[in-house]
Amino acid sequence: MFRDRRDAGDRLADALLGRLDLDSVVLGLPRGGVIVAARVAERLALTLDVVLVRKLGAPGRPEFALGALAEGGHRHLDDEAVRLTGTTPRDLRRIEQAEAAELARRAAVYRTGRQEVALDGRTAVVVDDGLATGATAVVACRAARARGARRVVLAVPVAPLGWEHPFAGLADERIAVLTPEPFSAVGRWYHRFDQTTDDEVLRALARR
């Protein structure tokens, strides 16, 4: 288990050591993923930025992902999850509108006074604090590629066994420190897994 997100970042940095170019950019998924990404960037002396994503949670079950949105208009939808939850087109529109508004709010907060880091021809290391359904990671990888990344590496501290296979066409390399079975949930593998605040994200980005 990891003590906290900082410890997870240290161990993920160890797993990435020697596998990245010197001009690689570490992209954290807000909020918790930015804390892990900041530690990776610090340890490996790499540039840090964010890739803004939002999960589309099922009606009445927000923890259950129907898909995700990312900045730049990228959208991923799990049709089977939509069917299983009985989510109607009207429900989906309402959920997407709410999450798009939150995506815009976070963009305004996190990018105020900061230019988006150029990814053209560079390696983008997409980092979250863990991977469960993978919906947000899918759109994050697509967003990184659309920003011009030559190579995309998806790196997380913990993910379910066999997690990497659905990402074969999205990320050039997939790295996880832990792949426990049974998996249960991301937070299960942290001693401390508090909700990350906007202020913590801003402090991490200010140190980039």
# chains A, B, ... in the order shown; residues from 1 in each chain; ligands from 1
>>> residues_around(residues="Asp120 in chain A", least_positions_apart="5", cutoff="8 Å", atoms="only C-alpha atoms", output="PyMOL selection string")
chain A and resi 147-150
>>> write_last_selection(atoms="N, CA and C atoms", output="PDB file, in the first residue's frame")
ATOM      1  N   ARG A 147      -2.874  17.301 -28.510  1.00  0.00           N
ATOM      2  CA  ARG A 147      -2.016  18.453 -28.248  1.00  0.00           C
ATOM      3  C   ARG A 147      -0.643  18.298 -28.920  1.00  0.00           C
ATOM      4  N   GLY A 148      -0.432  17.213 -29.638  1.00  0.00           N
ATOM      5  CA  GLY A 148       0.786  17.054 -30.419  1.00  0.00           C
ATOM      6  C   GLY A 148       1.820  16.103 -29.864  1.00  0.00           C
ATOM      7  N   ALA A 149       1.486  15.390 -28.784  1.00  0.00           N
ATOM      8  CA  ALA A 149       2.462  14.472 -28.193  1.00  0.00           C
ATOM      9  C   ALA A 149       2.880  13.408 -29.208  1.00  0.00           C
ATOM     10  N   ARG A 150       4.180  13.206 -29.311  1.00  0.00           N
ATOM     11  CA  ARG A 150       4.713  12.167 -30.201  1.00  0.00           C
ATOM     12  C   ARG A 150       4.537  10.789 -29.589  1.00  0.00           C
TER      13      ARG A 150
END
>>> residues_around(residues="Arg192 in chain A", least_positions_apart="4", cutoff="10 Å", atoms="only C-alpha atoms", output="list in words")
Met1, Phe2, Arg3, Asp4, Arg5, Gly187 and Arg188 of chain A
>>> atom_distance(atom1="CA of Glu42 in chain A", atom2="CA of Thr196 in chain A")
18.8 Å
>>> residues_around(residues="range 121-127 of chain A", least_positions_apart="2", cutoff="7 Å", atoms="only C-alpha atoms", output="list in words")
Asp21, Asp23, Ser24, Val25, Val26, Leu27, Gly28, Leu29, Gly33, Ala37, Leu119, Asp129, Cys141, Ala144, Gly148, Ala149, Arg150, Arg151, Val152, Val153, Leu154, Ala155 and Val156 of chain A
>>> closest_residue(among="A:Ala65, A:Gly134, A:Ala107, A:Val201", to="His165 in chain A", atoms="only C-alpha atoms")
A:Gly134
>>> select_by_dssp(residues="range 17-182 of chain A", states="strand (DSSP E)", output="JSON, numbers by chain")
{"A": [25, 26, 27, 28, 47, 48, 49, 50, 53, 54, 55, 56, 57, 58, 61, 62, 63, 64, 65, 66, 67, 68, 69, 70, 74, 75, 76, 77, 123, 124, 125, 126, 127, 151, 152, 153, 154, 155, 156, 157, 158, 173, 174, 175, 176, 177, 178]}
>>> residues_around(residues="Pro166 in chain A", least_positions_apart="4", cutoff="10 Å", atoms="only C-alpha atoms", output="number ranges by chain")
A: 134, 138, 162, 170-171
